[in-house]
Amino acid sequence: MTRCPEPTEWVLYAAGEMPAPRRDDLEGHLARCDACRRELRRLRRGLETLEALEAAPPLRPEALETLRRRLAAEARRRAERRPRRRRHPLRWIGAAAAAAVVALAVLLVPEPQQPVWPDQEQVDAEIAEIAATLDLLESDTAAVAWTFEPQDESAPLETPPGQSRYGPADGGTRHG
Amino acid sequence: MTDSPDEPENLQDLLLAYAPRVYGLLLRMVGRREVAEDLMQETLLRAFRGLDAYRPEGKFRAWIFHIALNQARDWIRRQQRRPLVSDGPPPAADAPPEGAAIARERDRRIQQALARLSEPDREVLLMRYYGDMTFKDIARARGEPLGTVLARAHRALKKLGGLIPEDDR
C-alpha cells in the first residue's frame with residue numbers, strides 16, 4: 001500500500017474493529033509512514049483520555065433500587081391488565097361497539113361500480129376488424145403445405161438406438 | 001452481558017444490568033446526576049413498555065441507547081442550553097488528597113473538552129465508551145452511515161487526543 005489510508009480507517013484500527021486482512025495492510029503501511037503513525041498516536045490518546053473518564057460516574061444504589069421497584073410495578077400492572085379484561089362483567093359493551101363499527105363500515109362502503117360497456121357501433125367495428133384479420137390468415141395459410149402428422153399414441157416410447165424420439169440424433173431437421 | 005431479550009421473564013434483570021451504562025452515557029450528556037438518574041429510569045421503563053417496538057434484527061443494546069439518546073436530546077432541547085460539565089464522581093476515600101486533586105482536574109478538563117464537541121460528535125464517543133458499542137452498532141442506533149459515524153469519531157478523538165500532553169496522564 002503506497003497511498004495513505006482514509007483517516008477514518010485509523011479510527012476503526014485504533015478501536016480494534018478493523019477486520020484482519022485490511023488490518024495487515026494498515027500495519028504494513030504504518031511501518032513506512034511517519035504521518036500515519038502520528039495520526040494513529042493522536043487518535044489513541046483520544047481513546048485513552050475517554051477511557052480515563054469512563055470509570056468516573058458511579059450509579060447510586062438508591063437509583064438502581066428505585067428502577068427495580070418501578071420495573072416490578074410496571075410488570076405487575078401489565079400482568080393484571082390482561083386477565084381483568086377477559087373477566088369484566090361489561091365486556092359485551094366492547095363486542096356491541098365492535099359490531100356497530102362493522103355495520104357502519106358496511107353501510108359506508110360504496111357499492112362496486114358497474115363496468116362501462118362500449119357502444120354497439122364500437123363492438124361492430126371491432127368484430128369486422130377481427131373478421132378481416134381472420135380472412136387474411138386463412139388466405140396465407142392456404143399457401144403453406146402443412147405436413148402435420150398426428151402422433152400414433154399406440155407407438156412404443158422406446159426409440160431405436162442412436163435415434164432421438166424428437167428427431168434425428170445428428171441434428172437434422174425435425175419436420176419433414 | 002446478554003444482548004437479546006429472548007426470555008421475557010429475565011427482561012427486568014437485563015434492563016437493570018444496562019442501568020449503569022445508560023446512566024453513564026446520560027450523565028455525560030446532561031451533566032447532572034439527578035437528571036441523569038431520572039432519564040435513565042425513563043429510558044429503561046420505556047424500553048420495558050415498548051418492547052413490541054423492538055425489532056430483533058437490530059441489537060437490543062443499540063435500541064436501548066437509541067431511546068436514551070432521544071431522552072437526553074429532549075431534555076437538552078427543553079433546557080435550551082448545552083449540557084453542563086458533569087457533577088463528576090466523589091474522590092475515592094483512600095486516594096491521597098494530592099492525587100485526587102490531580103485526577104479531579106484532569107476529569108474537569110476532559111469534561112470541558114467533551115462539552116465543547118458538537119452534540120452528534122459527543123454522542124458518538126459516549127455511545128462507544130458508555131454503551132460499549134461497536135461503530136457499526138452506533139451507526140445503526142443513530143440511523144447514520146458508518147462513514148459518517150467514523151468521521152464524527154475521528155474529529156472528536158483528535159480533539160480529545162490533543163487535549164492533554166502525553167506526560168500528563
# chains A, B, ... in the order shown; residues from 1 in each chain; ligands from 1
>>> residues_around(residues="Gly16 in chain A", least_positions_apart="4", cutoff="12 Å", atoms="only C-alpha atoms", output="JSON, numbers by chain")
{"A": [9, 10, 11, 12, 20, 22, 23, 44, 47], "B": [134, 135]}
>>> interface_residues(of="chain A", to="chain B", cutoff="7 Å", atoms="only C-alpha atoms", output="PyMOL selection string")
chain A and resi 8+11+42-43+45-47+49+53+56-59+63+67-68+71
>>> residues_around(residues="Ile67 in chain B", least_positions_apart="2", cutoff="8 Å", atoms="only C-alpha atoms", output="number ranges by chain")
B: 43, 46-47, 63-65, 69-71
>>> residues_around(residues="Asp137 in chain B", least_positions_apart="2", cutoff="10 Å", atoms="only C-alpha atoms", output="ChimeraX atom specification")
/B:58-59,61-63,127-128,131-135,139-143,146
>>> write_last_selection(atoms="C-alpha atoms", output="PDB file, in the first residue's frame")
ATOM      1  CA  GLY B  58     -31.158  -4.833  15.385  1.00  0.00           C
ATOM      2  CA  LYS B  59     -29.114  -5.228  18.542  1.00  0.00           C
ATOM      3  CA  ARG B  61     -28.249  -2.633  23.155  1.00  0.00           C
ATOM      4  CA  ALA B  62     -28.390  -0.288  20.156  1.00  0.00           C
ATOM      5  CA  TRP B  63     -32.143   0.035  20.657  1.00  0.00           C
ATOM      6  CA  MET B 127     -22.064   5.637  22.853  1.00  0.00           C
ATOM      7  CA  ARG B 128     -18.782   3.935  22.022  1.00  0.00           C
ATOM      8  CA  GLY B 131     -22.622   1.892  25.543  1.00  0.00           C
ATOM      9  CA  ASP B 132     -19.679  -0.408  24.789  1.00  0.00           C
ATOM     10  CA  MET B 133     -20.959  -0.421  21.211  1.00  0.00           C
ATOM     11  CA  THR B 134     -19.051  -1.013  18.001  1.00  0.00           C
ATOM     12  CA  PHE B 135     -19.084   1.793  15.467  1.00  0.00           C
ATOM     13  CA  ALA B 139     -24.346   3.806  13.090  1.00  0.00           C
ATOM     14  CA  ARG B 140     -27.422   1.565  13.343  1.00  0.00           C
ATOM     15  CA  ALA B 141     -28.640   3.193  16.557  1.00  0.00           C
ATOM     16  CA  ARG B 142     -28.214   6.680  15.113  1.00  0.00           C
ATOM     17  CA  GLY B 143     -29.561   5.824  11.664  1.00  0.00           C
ATOM     18  CA  LEU B 146     -20.904   4.036   9.087  1.00  0.00           C
TER      19      LEU B 146
END
>>> atom_distance(atom1="CA of Gln79 in chain B", atom2="CA of Val124 in chain B")
21.4 Å
>>> atom_distance(atom1="CA of Cys36 in chain A", atom2="CA of Pro7 in chain A")
8.5 Å
>>> closest_residue(among="B:Met29, B:Ile102, B:Ile138, B:Ile76", to="Arg122 in chain B", atoms="only C-alpha atoms")
B:Met29
>>> decode(residues="range 10-48 of chain A", atoms="N, CA and C atoms", output="PDB file, in the first residue's frame")
ATOM      1  N   TRP A  10      -8.255   4.668  10.369  1.00  0.00           N
ATOM      2  CA  TRP A  10      -7.427   4.610  11.580  1.00  0.00           C
ATOM      3  C   TRP A  10      -8.298   4.601  12.831  1.00  0.00           C
ATOM      4  N   VAL A  11      -9.497   5.144  12.732  1.00  0.00           N
ATOM      5  CA  VAL A  11     -10.412   5.091  13.891  1.00  0.00           C
ATOM      6  C   VAL A  11     -10.782   3.637  14.166  1.00  0.00           C
ATOM      7  N   LEU A  12     -11.181   2.930  13.097  1.00  0.00           N
ATOM      8  CA  LEU A  12     -11.539   1.518  13.271  1.00  0.00           C
ATOM      9  C   LEU A  12     -10.346   0.716  13.764  1.00  0.00           C
ATOM     10  N   TYR A  13      -9.178   1.026  13.224  1.00  0.00           N
ATOM     11  CA  TYR A  13      -7.964   0.296  13.614  1.00  0.00           C
ATOM     12  C   TYR A  13      -7.650   0.543  15.095  1.00  0.00           C
ATOM     13  N   ALA A  14      -7.679   1.810  15.501  1.00  0.00           N
ATOM     14  CA  ALA A  14      -7.336   2.151  16.888  1.00  0.00           C
ATOM     15  C   ALA A  14      -8.333   1.538  17.867  1.00  0.00           C
ATOM     16  N   ALA A  15      -9.592   1.417  17.418  1.00  0.00           N
ATOM     17  CA  ALA A  15     -10.630   0.866  18.306  1.00  0.00           C
ATOM     18  C   ALA A  15     -10.646  -0.662  18.274  1.00  0.00           C
ATOM     19  N   GLY A  16      -9.769  -1.263  17.464  1.00  0.00           N
ATOM     20  CA  GLY A  16      -9.712  -2.729  17.399  1.00  0.00           C
ATOM     21  C   GLY A  16     -10.862  -3.334  16.630  1.00  0.00           C
ATOM     22  N   GLU A  17     -11.451  -2.575  15.712  1.00  0.00           N
ATOM     23  CA  GLU A  17     -12.609  -3.092  14.963  1.00  0.00           C
ATOM     24  C   GLU A  17     -12.288  -3.342  13.494  1.00  0.00           C
ATOM     25  N   MET A  18     -11.028  -3.231  13.108  1.00  0.00           N
ATOM     26  CA  MET A  18     -10.685  -3.434  11.694  1.00  0.00           C
ATOM     27  C   MET A  18     -10.496  -4.929  11.425  1.00  0.00           C
ATOM     28  N   PRO A  19     -11.196  -5.477  10.431  1.00  0.00           N
ATOM     29  CA  PRO A  19     -11.043  -6.909  10.128  1.00  0.00           C
ATOM     30  C   PRO A  19      -9.616  -7.238   9.673  1.00  0.00           C
ATOM     31  N   ALA A  20      -9.249  -8.516   9.863  1.00  0.00           N
ATOM     32  CA  ALA A  20      -7.841  -8.931   9.723  1.00  0.00           C
ATOM     33  C   ALA A  20      -7.171  -8.569   8.397  1.00  0.00           C
ATOM     34  N   PRO A  21      -7.730  -8.864   7.236  1.00  0.00           N
ATOM     35  CA  PRO A  21      -6.934  -8.623   6.010  1.00  0.00           C
ATOM     36  C   PRO A  21      -6.556  -7.159   5.866  1.00  0.00           C
ATOM     37  N   ARG A  22      -7.504  -6.276   6.132  1.00  0.00           N
ATOM     38  CA  ARG A  22      -7.231  -4.848   5.991  1.00  0.00           C
ATOM     39  C   ARG A  22      -6.298  -4.369   7.110  1.00  0.00           C
ATOM     40  N   ARG A  23      -6.435  -4.964   8.273  1.00  0.00           N
ATOM     41  CA  ARG A  23      -5.577  -4.587   9.400  1.00  0.00           C
ATOM     42  C   ARG A  23      -4.101  -4.858   9.043  1.00  0.00           C
ATOM     43  N   ASP A  24      -3.856  -5.982   8.379  1.00  0.00           N
ATOM     44  CA  ASP A  24      -2.478  -6.300   7.982  1.00  0.00           C
ATOM     45  C   ASP A  24      -1.950  -5.255   7.008  1.00  0.00           C
ATOM     46  N   ASP A  25      -2.799  -4.826   6.073  1.00  0.00           N
ATOM     47  CA  ASP A  25      -2.388  -3.773   5.123  1.00  0.00           C
ATOM     48  C   ASP A  25      -1.992  -2.504   5.871  1.00  0.00           C
ATOM     49  N   LEU A  26      -2.840  -2.136   6.826  1.00  0.00           N
ATOM     50  CA  LEU A  26      -2.591  -0.885   7.561  1.00  0.00           C
ATOM     51  C   LEU A  26      -1.297  -0.981   8.360  1.00  0.00           C
ATOM     52  N   GLU A  27      -1.040  -2.137   8.947  1.00  0.00           N
ATOM     53  CA  GLU A  27       0.186  -2.288   9.730  1.00  0.00           C
ATOM     54  C   GLU A  27       1.414  -2.216   8.828  1.00  0.00           C
ATOM     55  N   GLY A  28       1.279  -2.776   7.628  1.00  0.00           N
ATOM     56  CA  GLY A  28       2.382  -2.666   6.661  1.00  0.00           C
ATOM     57  C   GLY A  28       2.643  -1.209   6.309  1.00  0.00           C
ATOM     58  N   HIS A  29       1.567  -0.454   6.152  1.00  0.00           N
ATOM     59  CA  HIS A  29       1.721   0.975   5.810  1.00  0.00           C
ATOM     60  C   HIS A  29       2.330   1.754   6.979  1.00  0.00           C
ATOM     61  N   LEU A  30       1.893   1.437   8.172  1.00  0.00           N
ATOM     62  CA  LEU A  30       2.387   2.155   9.364  1.00  0.00           C
ATOM     63  C   LEU A  30       3.901   2.070   9.483  1.00  0.00           C
ATOM     64  N   ALA A  31       4.436   0.910   9.121  1.00  0.00           N
ATOM     65  CA  ALA A  31       5.887   0.708   9.258  1.00  0.00           C
ATOM     66  C   ALA A  31       6.663   1.682   8.377  1.00  0.00           C
ATOM     67  N   ARG A  32       6.007   2.236   7.359  1.00  0.00           N
ATOM     68  CA  ARG A  32       6.732   3.089   6.408  1.00  0.00           C
ATOM     69  C   ARG A  32       6.304   4.553   6.466  1.00  0.00           C
ATOM     70  N   CYS A  33       5.256   4.889   7.238  1.00  0.00           N
ATOM     71  CA  CYS A  33       4.686   6.237   7.116  1.00  0.00           C
ATOM     72  C   CYS A  33       4.659   6.963   8.472  1.00  0.00           C
ATOM     73  N   ASP A  34       5.506   7.973   8.604  1.00  0.00           N
ATOM     74  CA  ASP A  34       5.552   8.749   9.855  1.00  0.00           C
ATOM     75  C   ASP A  34       4.239   9.481  10.102  1.00  0.00           C
ATOM     76  N   ALA A  35       3.651  10.049   9.040  1.00  0.00           N
ATOM     77  CA  ALA A  35       2.434  10.861   9.201  1.00  0.00           C
ATOM     78  C   ALA A  35       1.300  10.001   9.767  1.00  0.00           C
ATOM     79  N   CYS A  36       1.154   8.787   9.250  1.00  0.00           N
ATOM     80  CA  CYS A  36       0.066   7.922   9.736  1.00  0.00           C
ATOM     81  C   CYS A  36       0.356   7.439  11.156  1.00  0.00           C
ATOM     82  N   ARG A  37       1.640   7.243  11.484  1.00  0.00           N
ATOM     83  CA  ARG A  37       1.958   6.862  12.878  1.00  0.00           C
ATOM     84  C   ARG A  37       1.565   7.979  13.832  1.00  0.00           C
ATOM     85  N   ARG A  38       1.815   9.231  13.422  1.00  0.00           N
ATOM     86  CA  ARG A  38       1.418  10.377  14.272  1.00  0.00           C
ATOM     87  C   ARG A  38      -0.105  10.448  14.406  1.00  0.00           C
ATOM     88  N   GLU A  39      -0.777  10.235  13.265  1.00  0.00           N
ATOM     89  CA  GLU A  39      -2.256  10.262  13.266  1.00  0.00           C
ATOM     90  C   GLU A  39      -2.801   9.216  14.238  1.00  0.00           C
ATOM     91  N   LEU A  40      -2.270   8.018  14.133  1.00  0.00           N
ATOM     92  CA  LEU A  40      -2.752   6.929  14.989  1.00  0.00           C
ATOM     93  C   LEU A  40      -2.456   7.220  16.457  1.00  0.00           C
ATOM     94  N   ARG A  41      -1.261   7.769  16.727  1.00  0.00           N
ATOM     95  CA  ARG A  41      -0.904   8.079  18.116  1.00  0.00           C
ATOM     96  C   ARG A  41      -1.905   9.069  18.721  1.00  0.00           C
ATOM     97  N   ARG A  42      -2.285  10.044  17.938  1.00  0.00           N
ATOM     98  CA  ARG A  42      -3.198  11.067  18.466  1.00  0.00           C
ATOM     99  C   ARG A  42      -4.596  10.481  18.708  1.00  0.00           C
ATOM    100  N   LEU A  43      -5.040   9.642  17.774  1.00  0.00           N
ATOM    101  CA  LEU A  43      -6.350   9.006  17.984  1.00  0.00           C
ATOM    102  C   LEU A  43      -6.328   8.131  19.231  1.00  0.00           C
ATOM    103  N   ARG A  44      -5.211   7.421  19.421  1.00  0.00           N
ATOM    104  CA  ARG A  44      -5.131   6.553  20.608  1.00  0.00           C
ATOM    105  C   ARG A  44      -5.114   7.368  21.888  1.00  0.00           C
ATOM    106  N   ARG A  45      -4.488   8.537  21.835  1.00  0.00           N
ATOM    107  CA  ARG A  45      -4.510   9.400  23.031  1.00  0.00           C
ATOM    108  C   ARG A  45      -5.944   9.835  23.331  1.00  0.00           C
ATOM    109  N   GLY A  46      -6.698  10.092  22.263  1.00  0.00           N
ATOM    110  CA  GLY A  46      -8.108  10.461  22.452  1.00  0.00           C
ATOM    111  C   GLY A  46      -8.887   9.325  23.102  1.00  0.00           C
ATOM    112  N   LEU A  47      -8.631   8.107  22.642  1.00  0.00           N
ATOM    113  CA  LEU A  47      -9.317   6.945  23.222  1.00  0.00           C
ATOM    114  C   LEU A  47      -8.924   6.755  24.680  1.00  0.00           C
ATOM    115  N   GLU A  48      -7.639   6.913  24.968  1.00  0.00           N
ATOM    116  CA  GLU A  48      -7.178   6.725  26.353  1.00  0.00           C
ATOM    117  C   GLU A  48      -7.772   7.803  27.260  1.00  0.00           C
TER     118      GLU A  48
END
